[in-house]
file start_24.txt (compact mmCIF, C-alpha atoms)
# COMPACT_ATOMS: atom_id res chain seq x y z
CA MET P 1 0.00 0.00 0.00
CA LYS P 2 1.14 3.53 -0.59
CA ARG P 3 0.35 7.03 0.57
CA GLY P 4 -3.01 8.31 -0.63
CA GLN P 5 -4.32 4.84 -1.46
CA VAL P 6 -8.00 4.44 -0.56
CA ILE P 7 -9.57 1.32 0.92
CA ARG P 8 -13.35 1.15 0.70
CA CYS P 9 -15.29 -1.36 2.80
CA LYS P 10 -18.76 -1.37 1.27
CA LYS P 11 -21.72 -1.32 3.61
CA GLN P 12 -19.55 -1.72 6.71
CA ALA P 13 -20.47 1.52 8.49
CA ASP P 14 -22.86 1.69 11.46
CA GLU P 15 -26.11 -0.15 10.91
CA MET P 16 -29.45 1.33 11.82
CA PRO P 17 -32.91 -0.23 11.48
CA GLY P 18 -34.45 0.58 8.12
CA GLU P 19 -31.25 2.18 6.77
CA ILE P 20 -28.66 0.85 4.34
CA PRO P 21 -25.25 0.95 6.00
CA GLY P 22 -22.71 3.30 4.44
CA ASP P 23 -19.17 2.55 3.36
CA VAL P 24 -16.12 2.79 5.57
CA VAL P 25 -13.42 4.69 3.68
CA ILE P 26 -9.80 4.55 4.82
CA THR P 27 -7.11 6.73 3.22
CA ILE P 28 -3.52 5.65 3.81
CA ASP P 29 -1.23 8.30 5.26
CA GLU P 30 2.51 7.67 5.36
CA ARG P 31 4.70 9.41 7.90
CA PRO P 32 8.45 9.91 7.58
CA HIS P 33 10.55 7.56 9.71
CA THR P 34 13.80 8.44 11.45
CA LYS P 35 15.65 5.38 10.15
CA PHE P 36 13.84 3.97 7.11
CA LYS P 37 12.76 5.51 3.83
CA ARG P 38 10.11 3.75 1.79
CA ASP P 39 10.79 2.99 -1.87
CA GLY P 40 7.69 1.18 -3.14
CA PHE P 41 7.73 -2.23 -1.44
CA HIS P 42 11.34 -1.75 -0.37
CA LEU P 43 12.84 0.03 2.63
CA ARG P 44 16.10 1.96 2.49
CA MET P 45 18.40 3.05 5.30
CA LYS P 46 21.92 4.40 5.75
CA LYS P 47 24.44 2.90 8.16
CA ARG P 48 27.63 4.65 9.27
CA ILE P 49 30.63 2.39 9.71
CA SER P 50 34.26 3.14 10.52
CA LEU P 51 37.11 2.56 8.10
CA LEU P 52 38.25 -0.35 10.26
CA GLN P 53 34.77 -1.91 10.04
CA ALA P 54 34.71 -1.34 6.26
CA LEU P 55 37.99 -3.24 5.93
CA GLY P 56 37.66 -5.87 8.64
CA GLY P 57 33.96 -6.57 9.05
CA PHE P 58 31.17 -5.52 11.36
CA GLU P 59 27.86 -6.47 12.87
CA PHE P 60 25.00 -4.35 14.16
CA GLU P 61 21.34 -4.53 15.12
CA VAL P 62 18.42 -2.85 13.41
CA THR P 63 15.05 -2.50 15.12
CA HIS P 64 12.51 -3.06 12.34
CA LEU P 65 9.16 -1.25 11.99
CA ASP P 66 7.40 -4.15 13.75
CA ASN P 67 9.97 -4.00 16.62
CA ARG P 68 11.76 -7.19 15.56
CA ILE P 69 15.51 -6.91 16.00
CA LEU P 70 17.55 -7.84 12.93
CA HIS P 71 21.17 -8.89 13.50
CA VAL P 72 23.14 -7.73 10.43
CA LYS P 73 26.62 -9.16 9.79
CA SER P 74 29.04 -8.19 7.03
CA GLU P 75 30.05 -10.72 4.41
CA LYS P 76 33.39 -12.36 5.23
CA GLY P 77 36.31 -10.99 3.26
CA VAL P 78 34.29 -8.21 1.62
CA ILE P 79 35.60 -4.65 1.75
CA TYR P 80 32.79 -2.11 1.96
CA LYS P 81 33.31 1.10 0.01
CA PRO P 82 31.53 4.42 0.62
CA GLY P 83 28.11 4.28 -1.03
CA ASP P 84 27.96 0.48 -1.28
CA VAL P 85 24.40 -0.80 -1.03
CA LYS P 86 23.61 -4.30 0.23
CA ALA P 87 20.23 -6.02 0.56
CA VAL P 88 18.55 -7.89 3.37
CA LEU P 89 16.08 -9.94 1.37
CA GLU P 90 12.38 -9.93 2.23
CA GLU P 91 12.70 -7.40 5.09
CA GLY P 92 10.92 -4.55 3.29
CA MET P 93 7.20 -3.79 3.19
CA PRO P 94 4.53 -6.43 2.59
CA ILE P 95 3.31 -6.78 -0.99
CA TYR P 96 -0.24 -5.47 -1.39
CA LYS P 97 -2.75 -8.33 -1.60
CA ASP P 98 0.04 -10.87 -0.95
CA PRO P 99 0.95 -10.29 2.72
CA PHE P 100 3.35 -13.25 2.88
CA LYS P 101 5.74 -11.68 0.35
CA PHE P 102 7.92 -8.70 1.21
CA GLY P 103 10.17 -6.21 -0.53
CA ASN P 104 13.82 -5.88 0.49
CA LEU P 105 15.67 -3.75 3.02
CA TYR P 106 18.52 -1.90 1.28
CA ILE P 107 21.36 -0.61 3.44
CA GLU P 108 23.68 2.06 2.07
CA PHE P 109 27.01 2.22 3.88
CA VAL P 110 28.59 5.53 4.81
CA VAL P 111 32.25 4.88 5.59
CA GLU P 112 33.73 7.35 8.05
CA PHE P 113 37.40 8.05 7.49
CA PRO P 114 39.70 9.32 10.25
CA GLU P 115 40.70 12.99 10.12
CA THR P 116 44.41 12.17 10.50
CA VAL P 117 46.65 9.11 10.51
CA SER P 118 49.95 8.82 12.35
CA PRO P 119 53.17 8.17 10.37
CA GLU P 120 53.66 4.95 12.38
CA LEU P 121 50.27 3.65 11.28
CA ILE P 122 51.05 4.55 7.66
CA GLN P 123 54.30 2.57 7.83
CA ALA P 124 52.52 -0.40 9.42
CA LEU P 125 49.84 -0.34 6.70
CA LYS P 126 52.51 -0.22 3.99
CA ARG P 127 54.26 -3.24 5.53
CA ILE P 128 51.14 -5.39 5.77
CA SER P 129 49.69 -4.34 2.40
CA GLY P 130 52.88 -4.94 0.46
CA ALA P 131 52.73 -1.45 -1.04
CA PRO P 132 55.95 -0.27 -2.70
CA SER P 133 57.83 2.12 -0.45
CA ARG P 134 58.97 4.48 -3.21
CA LEU P 135 57.51 5.31 -6.60
CA ILE P 136 60.03 5.27 -9.45
CA LEU P 137 59.48 8.44 -11.46
CA PRO P 138 60.50 9.01 -15.06
CA GLN P 139 63.23 11.59 -15.58
CA GLY P 140 61.84 15.11 -15.82
CA ALA P 141 58.61 14.33 -13.91
CA GLN P 142 57.27 17.43 -12.23
CA GLU P 143 56.12 17.08 -8.64
CA VAL P 144 52.82 18.78 -7.86
CA LYS P 145 50.93 19.21 -4.61
CA LEU P 146 47.31 18.38 -3.80
CA VAL P 147 45.54 21.09 -1.80
CA SER P 148 42.15 21.46 -0.16
CA PHE P 149 39.83 23.93 -1.85
CA ASN P 150 36.27 25.23 -1.90
CA GLU P 151 34.74 23.79 -5.05
CA GLU P 152 31.89 26.29 -5.21
CA SER P 153 34.16 29.35 -5.06
CA GLU P 154 36.57 27.84 -7.60
CA MET P 155 33.68 27.15 -10.00
CA LYS P 156 32.48 30.77 -9.64
CA LYS P 157 36.00 32.05 -10.31
CA PHE P 158 36.29 30.04 -13.53
CA GLN P 159 32.78 30.99 -14.63
CA GLN P 160 33.95 34.61 -14.43
CA PHE P 161 36.94 33.71 -16.64
CA GLU P 162 34.57 32.16 -19.17
CA LYS P 163 32.43 35.31 -19.23
CA ASN P 164 35.51 37.45 -19.86
CA ALA P 165 36.84 35.22 -22.64
CA GLN P 166 36.25 36.78 -26.06
CA PRO P 167 35.99 34.61 -29.17
CA ASP P 168 38.58 35.18 -31.88
CA SER P 169 37.45 37.62 -34.57
CA CYS P 170 38.11 35.21 -37.35
CA GLU P 171 35.61 34.23 -40.01
CA GLU P 172 35.58 31.17 -42.18
CA ASP P 173 36.20 31.64 -45.90
CA PRO P 174 33.85 29.40 -47.89
CA SER P 175 36.43 29.16 -50.71
CA GLU P 176 38.93 27.42 -48.38
CA GLU P 177 38.57 23.64 -48.27
CA ARG P 178 39.31 23.29 -44.58
CA GLY P 179 37.85 26.58 -43.39
CA GLY P 180 39.47 28.35 -40.49
CA CYS P 181 41.31 31.65 -40.24
CA LYS P 182 43.44 33.05 -43.06
CA THR P 183 46.99 33.84 -42.15
CA GLN P 184 49.27 36.27 -43.96
call {"tool": "encode", "arguments": {"input": "start_24.txt", "output": "structure tokens"}}
result
Amino acid sequence: MKRGQVIRCKKQADEMPGEIPGDVVITIDERPHTKFKRDGFHLRMKKRISLLQALGGFEFEVTHLDNRILHVKSEKGVIYKPGDVKAVLEEGMPIYKDPFKFGNLYIEFVVEFPETVSPELIQALKRISGAPSRLILPQGAQEVKLVSFNEESEMKKFQQFEKNAQPDSCEEDPSEERGGCKTQ
């Protein structure tokens, strides 16, 4: 069932002698939930996990809409990336007119990364991951630096550059095979 759907129970209203009973009309109203979002017959939720949990596994409990507690465990050996979505089959909403079938519960994982990492931890991670300790650069490679920036202000700055850019005052000559500007 979905929001706004109407259920009409014919002749089920109060009965009175000598009167035909009226219909009972029920209109479904759906309220937002703090944890779940409805998507047709499916439910969706987000779950925050740490980087360690994303790499090494996790388990958590979810209290369902009917107050059942679901014990959710990660798949062994699977690394969860930010935005990964996994399904818990048949834990969504009941299918209309088939109450023994259910949609799925989809869980989107939000991986929380640490703000900083110590140099000792970096070295330990390099040792256990087998990462090369030094990149071999071709001769003449130019080292550049990544910096934090405000994407919105940078986009505005470059939009201003685009507005100030003037097209070349060159016209195509139809007699030229390739077109383009004439040079002297």
call {"tool": "residues_near_point", "arguments": {"input": "start_24.txt", "point": "(10.0, -9.9, -0.7)", "cutoff": "7 Å", "atoms": "all atoms listed in the file", "output": "mmCIF file with C-alpha atoms, in the frame of the given file"}}
result
data_model
loop_
_atom_site.group_PDB
_atom_site.id
_atom_site.type_symbol
_atom_site.label_atom_id
_atom_site.label_comp_id
_atom_site.auth_asym_id
_atom_site.auth_seq_id
_atom_site.Cartn_x
_atom_site.Cartn_y
_atom_site.Cartn_z
ATOM 1 C CA LEU P 89 16.080 -9.940 1.370
ATOM 2 C CA GLU P 90 12.380 -9.930 2.230
ATOM 3 C CA GLU P 91 12.700 -7.400 5.090
ATOM 4 C CA GLY P 92 10.920 -4.550 3.290
ATOM 5 C CA LYS P 101 5.740 -11.680 0.350
ATOM 6 C CA PHE P 102 7.920 -8.700 1.210
ATOM 7 C CA GLY P 103 10.170 -6.210 -0.530
ATOM 8 C CA ASN P 104 13.820 -5.880 0.490
#
call {"tool": "closest_residue", "arguments": {"input": "start_24.txt", "among": "P:Met93, P:Ile107, P:Arg44, P:Val144", "to": "P:Lys73", "atoms": "all atoms listed in the file"}}
result
P:Ile107
call {"tool": "residues_around", "arguments": {"input": "start_24.txt", "residues": "stretch 108-115 of chain P", "least_positions_apart": "5", "cutoff": "8 Å", "atoms": "only C-alpha atoms", "output": "PyMOL selection string"}}
result
chain P and resi 44-51+54+80-86
call {"tool": "atom_distance", "arguments": {"input": "start_24.txt", "atom1": "atom CA of P:Pro119", "atom2": "atom CA of P:Lys145"}}
result
18.7 Å
call {"tool": "residues_around", "arguments": {"input": "start_24.txt", "residues": "P:Arg3", "least_positions_apart": "2", "cutoff": "10 Å", "atoms": "only C-alpha atoms", "output": "list in words"}}
result
Met1, Gln5, Val6, Thr27, Ile28, Asp29, Glu30 and Arg31 of chain P
call {"tool": "residues_around", "arguments": {"input": "start_24.txt", "residues": "P:Thr63", "least_positions_apart": "2", "cutoff": "12 Å", "atoms": "all atoms listed in the file", "output": "ChimeraX atom specification"}}
result
/P:34-36,45,60-61,65-72,91
call {"tool": "closest_residue", "arguments": {"input": "start_24.txt", "among": "P:Glu19, P:Asp14, P:Glu152, P:Asp39", "to": "P:Leu105", "atoms": "only C-alpha atoms"}}
result
P:Asp39
call {"tool": "closest_residue", "arguments": {"input": "start_24.txt", "among": "P:Gly57, P:Gly4, P:Pro32, P:Pro99", "to": "P:Gly77", "atoms": "all atoms listed in the file"}}
result
P:Gly57
call {"tool": "atom_distance", "arguments": {"input": "start_24.txt", "atom1": "atom CA of P:Leu43", "atom2": "atom CA of P:Ala87"}}
result
9.8 Å
call {"tool": "atom_distance", "arguments": {"input": "start_24.txt", "atom1": "atom CA of P:Tyr106", "atom2": "atom CA of P:Val88"}}
result
6.3 Å
